[in-house]
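Asker: Quick one: structure below, then a few questions.
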Amino acid sequence: MAPIVVLNVAEKPSVARALAQVFGNTPGSRQSQAHRSGPAQIFEIENVNFPSLYQQGSGQIVPNNVRNEPHTMIISSVRGHLASQDFGPAYGWSRCPPQALFDAPINTEYSQDMQPLERMLRDLSRRASALILWLDCDREGEAISDEVRTVCIKGNPRLQSQNRIYRAKFSTVLPGEIQRALRSLGRINEHFVQAVKARSEHDLRVGAAFTRFQTLRLQKKFDGFQDSGVISYGPCQFPTLGFVVERWARIETFVPEDFWTIEMSIRLNGDGSVNNSDQNGNSNNNQQSRPIKLTWKRGRLYDRAMTMALCDACQEAGEAVVTSLTGRPKNKWRPIPLATVELQKRASKYLRIGSEELMQKAEELYQQGFISYPRTETEKFRPEFNHHTLIQSFQAVAGEFGDYANRLLSDNNFQNPRAGQNDDNAHPPITPAKAVDPQTIADPTQRKIYTLVVKHYLACCSRDAVGRETELTLRIASEEFVAKGLMILERNWLDIYQPWEKWYTGQGELPRARIGSRIVPTSLSMNAGQTSPPQLISEVELIALMDRNGIGTDATIAQHITTIMDRKYAEKDGNQRFHPTKLGIALVEGYNSMGYQLNKPDLRREMESECNAVAAGRKTRDQILGPILSKMLECFKIVNAEVHKLDEAVARHFNNLGSDSSQYRVLQANFTRCGSCNGMTVLKQRTGGGSNRGGGGDSGGSKLLQCAPCSKSFLMPRYIREVRPGVNPNNRQEPLICPICQFQVVECVKDDGGTYFVCPQCFSDPPEEHGGDSTDFPCTKCTHPTCSLAKGTRGGDVEIFSCPFCASSGNSAGKVCLKRGQHGYRLSCSNGGPNSCQFTIWLPKEAREIVIDDSTGSCNHCSNPNRVVRQLKFIWKPGSVPPHYDRELCACVLCDEQLKNDMNIRIPSVNEVNYRRTGNSAGGRGNQSSNSWGSSSNNNSRGGRGNHSTSWSSSNNSAGRPGRGRGRGGRGGRGGRGSTSWSGSSANGRGGGGGSIQCFSCGGPHYANACPNKQQQ
């Protein structure tokens, strides 16, 4: 029987190399030469013996009496996540409002640099009989395992059908750990996968929607944002920023207060007795003495007169009476085992290493086999963990590690580590994986981290430090004063943890005094002070707050902290403390003023709690996503409605758009009329280039209109060559005025010569009642009923139904929406364009208006649980429809046969088309398609659009229209890209010409199915 061929996939190349080394050192194995086949190194090792895969899968260790079998191991790796999720092209920044992202379809894609890896894994999986996934053993690793599994199943479906996909669980890349993992193979934790997918989808939808909203808003309103890229929002990064801003706000709003306190001191002689000198310094003992300061039990008072009266009474009393002298043993506990969050805090506090750098270097130490896996929540060791063997390995290391290891293993100094509360059931605590002299580690940062990990582990295995604490209480007049002291008896773990861990001894040994004895204070005085503000938040405090409130995971906390610095929301100083920037302050203040405190951790804590429920199997992904996204959508709607509050907050820290005259130059004075003051605006352009928003022929930055009397500026659209004042086409001297805000509209000229109109005010603040949203708002999107430039439709961004053309080609992102153009209303695909999907249904011109609003529900006949089809509301022109029609009609254009017959609505549908080899007939590019959309029962058949997998024909012969052949074809025997061409018979015999786009119906430069003139014939 031939050996089983097993494909092994690791998360990183370094882990793949370590696996190959372990497999290659297995007795009897034969290693082929490693080779690189494109994106990753590939190792192949034959005759690797371990228990048969087919007896594994439960995750339990196979008994030793099970016979080993030879396997051929192919080893390679990925580089983290293979796939990425994003919205399709129909949901680009300028193509949909941000709110649509809350329920937009999400596509799984492979970026250009990951496509070679994806192809490599597919090819390797075809050779394999089984797959072992050696990804990191955390939730994120399970998600990456799922991505690798998906790709490998595409290459070899038998891996799934025969249940030959296994999951290896390991914490280090040491040989013993790898061999143990080969004897305890399990399966992918599907609950973990779904938890990660739920979090990722939530973060993508919420983050993208708020990011687009605030980026587009601030770019239109304030200087400095046009060239700064996106102003991102993240469900984790914003609460992280909130902690920084909250501490800063406490400092800024802090009001100092004066306070007063009473201080007392006594002196001890060398023999420990009290030196009863008076307050003038006259001593009754000439031995060497030391001072002991006592703290007033009241602490401080904010009343100067009261404090002074109490101090005078104490001074008049002269002597203090000993009321209490207690002593008790006190231990300083050794630390609990090291988890990721604690490692980040200690590295920041002791080593001044930031959390992001720490995790990067710790990952490198893990890949080199120096420490165990550094991303873990576990704070307790398993009972079977062999501490003595690990400590014994350090006895051979010269220096403090070797000396302390010898000490631990002698005189009964070793003690089993304490157990913390957390356990992720995946990895042990962070420990050294092998004993080396830190000086042999070349990288200085890695050296420091390794030293910290070793010292912490050895301290965990030590005894607690032991001391004795004493407390002395004196009463003078009505006031009591206290002093505390500590004597350290056994340092134990403190010896290995120096110089970082210290035990403050207070004032050392206190005097041996009897209760009731009298002591004359050396000094007794009233001192004044003032309260001080808190310090800026440190990285240690920030990590602790994030961990306590569930912001991020142990593996992502460092990433979120880095993100707020990369986005210029906060800065970190040399003392590892964070200061918010004015942008970070403005965003938090703006959102807080709306009532929804997005910087608070409550929403994120709820999300993390729900994800934990999914990971534990108590809930499903769908059960948690719906309610949480609905809550965030409601929050988003409130933010949109109260966006002026965000503007006010940002205005306190940034200049309004165009206010800095040094950054702009005047292109034309007296440009257009302002609707607010009826004055004239000035056309300006930003100097220095950068953004192409509004730029074009002037090779500059963004253009804007500025009204000096109103102190307002209005940003012009991006990617335009020229802007011109809008004038009435019938009277060139008359300005074209927006009926909504009374501003003169502006004509924008694109690079290709096309033009469109925008109203400066509406473009800057899109009117929601007329179809405005956070995206760009040209006049063509406006739904104003009387403006001749308004071409928008109410509900134009709502999906009527999913596009069948796109679905047939495997693209689920296409959605059919209601549009209005110069030739009337139509339903068209969101993936439209001359080189994209051409699905179009022209709607009757008898309708004065066609809308989608609250009264238009879904069609019960066409909708099903997997698909929703919306109805349309037709508002008819007076006298344009048959008498049996009301003024308004809500109907479904797909299934209402009477509406389709009366109004001649043609619906594309799938059908077969005949084709023939011909040299004279009008034909399409016929090498790709064998289908057409539509069924025909008369002469209304239309020629094929051969470069697509579909062509069009009508199923309706009752409309009375003459048959018209449609298609894109060639005249004179030019068949297109193939040896066949598409043809269609036609009543009027019109055909397309040449090889360019040409309508068979009218000869115009467009597709026949989108011909506007058919409505007029």
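Convention: chains lettered A, B, ... in structure tokens order; per-chain residue numbering from 1; ligands numbered from 1 as shown.
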For stretch 573-583 of chain A, work out the shell of residues within 8 Å, counting only C-alpha atoms and skipping chain neighbours fewer than 5 positions away, then give it as a compact mmCIF listing (two decimals) with all heavy atoms, in the first residue's frame.
Answerer:
# COMPACT_ATOMS: atom_id res chain seq x y z
N LEU A 241 -9.57 55.19 21.32
CA LEU A 241 -9.36 56.64 21.30
C LEU A 241 -10.14 57.30 22.43
O LEU A 241 -9.67 58.27 23.05
CB LEU A 241 -9.79 57.20 19.94
CG LEU A 241 -9.82 58.72 19.82
CD1 LEU A 241 -8.43 59.32 19.98
CD2 LEU A 241 -10.41 59.13 18.46
N VAL A 244 -8.27 57.56 25.64
CA VAL A 244 -7.22 58.58 25.60
C VAL A 244 -7.83 59.97 25.76
O VAL A 244 -7.33 60.80 26.54
CB VAL A 244 -6.44 58.47 24.28
CG1 VAL A 244 -5.38 59.58 24.18
CG2 VAL A 244 -5.78 57.11 24.15
N VAL A 245 -8.91 60.23 25.04
CA VAL A 245 -9.54 61.56 25.09
C VAL A 245 -10.18 61.80 26.46
O VAL A 245 -10.13 62.92 26.98
CB VAL A 245 -10.58 61.69 23.96
CG1 VAL A 245 -11.33 63.01 24.08
CG2 VAL A 245 -9.91 61.60 22.60
N TRP A 248 -7.52 62.90 28.80
CA TRP A 248 -7.12 64.26 28.43
C TRP A 248 -8.17 65.28 28.89
O TRP A 248 -7.83 66.36 29.40
CB TRP A 248 -6.93 64.35 26.92
CG TRP A 248 -6.77 65.74 26.41
CD1 TRP A 248 -5.63 66.48 26.32
CD2 TRP A 248 -7.82 66.61 25.93
NE1 TRP A 248 -5.89 67.73 25.81
CE2 TRP A 248 -7.22 67.83 25.57
CE3 TRP A 248 -9.19 66.45 25.77
CZ2 TRP A 248 -7.97 68.89 25.05
CZ3 TRP A 248 -9.93 67.50 25.26
CH2 TRP A 248 -9.32 68.71 24.91
N SER A 348 5.81 47.30 28.42
CA SER A 348 5.71 48.76 28.36
C SER A 348 6.24 49.41 29.62
O SER A 348 6.95 50.42 29.57
CB SER A 348 4.24 49.16 28.13
OG SER A 348 4.11 50.56 28.13
N ARG A 352 9.94 49.70 28.26
CA ARG A 352 9.59 50.83 27.39
C ARG A 352 9.45 50.37 25.92
O ARG A 352 9.89 51.04 25.00
CB ARG A 352 10.63 51.94 27.49
CG ARG A 352 10.65 52.66 28.83
CD ARG A 352 9.37 53.48 29.00
NE ARG A 352 9.40 54.33 30.18
CZ ARG A 352 8.87 54.02 31.35
NH1 ARG A 352 8.28 52.85 31.51
NH2 ARG A 352 8.90 54.86 32.36
N GLY A 354 6.73 49.38 23.03
CA GLY A 354 5.32 49.51 22.68
C GLY A 354 4.69 48.16 22.37
O GLY A 354 5.36 47.20 22.01
N LEU A 536 -1.45 62.02 31.79
CA LEU A 536 -1.95 61.42 30.56
C LEU A 536 -1.93 59.90 30.70
O LEU A 536 -1.12 59.34 31.42
CB LEU A 536 -1.08 61.84 29.38
CG LEU A 536 -1.16 63.32 28.96
CD1 LEU A 536 -0.05 63.64 27.96
CD2 LEU A 536 -2.53 63.65 28.35
N ILE A 537 -2.82 59.25 29.98
CA ILE A 537 -2.95 57.80 30.13
C ILE A 537 -1.71 57.10 29.59
O ILE A 537 -1.19 57.45 28.53
CB ILE A 537 -4.23 57.30 29.43
CG1 ILE A 537 -4.56 55.86 29.82
CG2 ILE A 537 -4.11 57.43 27.91
CD1 ILE A 537 -5.94 55.41 29.40
N SER A 538 -1.21 56.15 30.35
CA SER A 538 -0.04 55.39 29.93
C SER A 538 -0.48 54.18 29.10
O SER A 538 -1.65 53.79 29.12
CB SER A 538 0.77 54.92 31.14
OG SER A 538 0.03 53.95 31.87
N GLU A 539 0.48 53.58 28.41
CA GLU A 539 0.14 52.40 27.60
C GLU A 539 -0.28 51.25 28.50
O GLU A 539 -1.16 50.47 28.14
CB GLU A 539 1.33 51.99 26.73
CG GLU A 539 1.00 50.88 25.75
CD GLU A 539 1.99 50.77 24.61
OE1 GLU A 539 3.07 51.36 24.70
OE2 GLU A 539 1.66 50.10 23.63
N LYS A 568 -3.42 59.36 13.11
CA LYS A 568 -3.18 60.70 13.67
C LYS A 568 -4.27 61.14 14.63
O LYS A 568 -4.59 62.32 14.74
CB LYS A 568 -3.04 61.74 12.54
CG LYS A 568 -2.04 61.38 11.47
CD LYS A 568 -0.65 61.18 12.00
CE LYS A 568 0.36 60.87 10.89
NZ LYS A 568 1.68 60.52 11.41
N VAL A 650 -15.87 69.89 15.15
CA VAL A 650 -14.65 69.98 14.34
C VAL A 650 -14.27 71.44 14.11
O VAL A 650 -13.08 71.78 14.06
CB VAL A 650 -14.85 69.23 13.01
CG1 VAL A 650 -13.61 69.35 12.13
CG2 VAL A 650 -15.16 67.75 13.26
N HIS A 653 -11.70 73.17 16.26
CA HIS A 653 -10.29 72.76 16.17
C HIS A 653 -9.68 72.96 14.78
O HIS A 653 -8.47 72.95 14.65
CB HIS A 653 -10.15 71.29 16.58
CG HIS A 653 -10.68 70.97 17.95
ND1 HIS A 653 -9.92 71.13 19.08
CD2 HIS A 653 -11.89 70.52 18.36
CE1 HIS A 653 -10.64 70.78 20.14
NE2 HIS A 653 -11.83 70.40 19.74
Asker: Could you pull out all residues of stretch 677-802 of chain A with a DSSP call of strand (DSSP E or B) and give them as a ChimeraX atom specification?
Answerer: /A:680,682-686,703-707,712-715,722-725,727-728,731-735,737,744,746-749,755-758,801-802
Asker: List as a short mmCIF file (atom, residue, chain, number, x, y, z; two decimals) with N, CA, C and O atoms, in the first residue's frame the protein and nucleic acid residues near A:Thr563, meaning an atom at most 10 Å away when only C-alpha atoms are counted, but skip any in the same chain fewer than 5 places from it.
Answerer:
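Result went into result.cif, see below:
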data_model
loop_
_atom_site.label_atom_id
_atom_site.label_comp_id
_atom_site.auth_asym_id
_atom_site.auth_seq_id
_atom_site.Cartn_x
_atom_site.Cartn_y
_atom_site.Cartn_z
N SER A 232 -10.77 57.39 9.27
CA SER A 232 -11.36 56.08 9.51
C SER A 232 -12.08 56.02 10.84
O SER A 232 -11.76 56.72 11.80
N GLY A 234 -13.40 52.80 13.44
CA GLY A 234 -13.37 51.37 13.71
C GLY A 234 -14.08 51.09 15.00
O GLY A 234 -13.93 51.83 15.98
N CYS A 236 -13.44 49.13 17.25
CA CYS A 236 -12.49 48.96 18.37
C CYS A 236 -11.59 50.19 18.54
O CYS A 236 -11.29 50.58 19.66
N GLN A 237 -11.16 50.77 17.42
CA GLN A 237 -10.22 51.87 17.54
C GLN A 237 -10.89 53.10 18.15
O GLN A 237 -10.23 53.90 18.83
N PHE A 238 -12.21 53.27 17.96
CA PHE A 238 -12.84 54.47 18.51
C PHE A 238 -12.99 54.42 20.02
O PHE A 238 -12.72 55.41 20.70
N THR A 240 -10.95 52.83 21.89
CA THR A 240 -9.56 52.99 22.32
C THR A 240 -9.20 54.47 22.37
O THR A 240 -8.60 54.95 23.34
N LEU A 241 -9.57 55.19 21.32
CA LEU A 241 -9.36 56.64 21.30
C LEU A 241 -10.14 57.30 22.43
O LEU A 241 -9.67 58.27 23.05
N GLU A 356 2.76 47.09 19.92
CA GLU A 356 2.86 46.57 18.55
C GLU A 356 4.24 45.98 18.29
O GLU A 356 4.37 44.88 17.73
N ILE A 557 -5.24 43.90 20.58
CA ILE A 557 -5.15 45.13 21.37
C ILE A 557 -4.02 46.02 20.86
O ILE A 557 -4.18 47.23 20.67
N ALA A 558 -2.86 45.41 20.63
CA ALA A 558 -1.72 46.20 20.16
C ALA A 558 -2.01 46.84 18.81
O ALA A 558 -1.62 47.99 18.55
N LYS A 568 -3.42 59.36 13.11
CA LYS A 568 -3.18 60.70 13.67
C LYS A 568 -4.27 61.14 14.63
O LYS A 568 -4.59 62.32 14.74
N TYR A 569 -4.87 60.18 15.33
CA TYR A 569 -5.85 60.51 16.36
C TYR A 569 -5.20 60.69 17.72
O TYR A 569 -5.76 61.33 18.60
N ALA A 570 -4.02 60.10 17.92
CA ALA A 570 -3.32 60.20 19.20
C ALA A 570 -1.83 60.05 18.94
O ALA A 570 -1.41 59.50 17.92
#
Asker: Find the spatial neighbours of stretch 543-548 of chain A, counting only C-alpha atoms, within a cut-off of 8 Å - ignore same-chain residues fewer than 4 positions away - and output them as JSON, numbers by chain.
Answerer: {"A": [240, 243, 341, 344, 345, 539, 552, 553, 554, 557]}
Asker: With N, CA, C and O atoms retained, export the selected residues as a short mmCIF file (atom, residue, chain, number, x, y, z; two decimals), in the first residue's frame.
Answerer:
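The resulting out.cif:
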data_model
loop_
_atom_site.label_atom_id
_atom_site.label_comp_id
_atom_site.auth_asym_id
_atom_site.auth_seq_id
_atom_site.Cartn_x
_atom_site.Cartn_y
_atom_site.Cartn_z
N THR A 240 -10.95 52.83 21.89
CA THR A 240 -9.56 52.99 22.32
C THR A 240 -9.20 54.47 22.37
O THR A 240 -8.60 54.95 23.34
N PHE A 243 -10.75 56.28 25.45
CA PHE A 243 -10.02 56.24 26.72
C PHE A 243 -8.95 57.34 26.77
O PHE A 243 -8.75 57.97 27.81
N VAL A 341 -1.80 39.89 27.41
CA VAL A 341 -2.08 41.24 27.89
C VAL A 341 -1.11 41.64 28.98
O VAL A 341 -0.59 42.76 29.00
N GLN A 344 2.23 42.50 27.51
CA GLN A 344 2.24 43.83 26.91
C GLN A 344 2.38 44.91 27.98
O GLN A 344 3.14 45.88 27.79
N LYS A 345 1.68 44.75 29.08
CA LYS A 345 1.77 45.77 30.14
C LYS A 345 3.15 45.80 30.78
O LYS A 345 3.72 46.88 31.00
N GLU A 539 0.48 53.58 28.41
CA GLU A 539 0.14 52.40 27.60
C GLU A 539 -0.28 51.25 28.50
O GLU A 539 -1.16 50.47 28.14
N GLY A 552 -11.24 44.62 21.69
CA GLY A 552 -10.24 43.81 21.02
C GLY A 552 -9.97 42.53 21.80
O GLY A 552 -10.56 42.26 22.86
N THR A 553 -9.07 41.75 21.27
CA THR A 553 -8.65 40.50 21.90
C THR A 553 -7.19 40.62 22.30
O THR A 553 -6.52 41.62 21.98
N ASP A 554 -6.68 39.60 22.96
CA ASP A 554 -5.27 39.64 23.35
C ASP A 554 -4.37 39.79 22.13
O ASP A 554 -3.28 40.35 22.21
N ILE A 557 -5.24 43.90 20.58
CA ILE A 557 -5.15 45.13 21.37
C ILE A 557 -4.02 46.02 20.86
O ILE A 557 -4.18 47.23 20.67
#
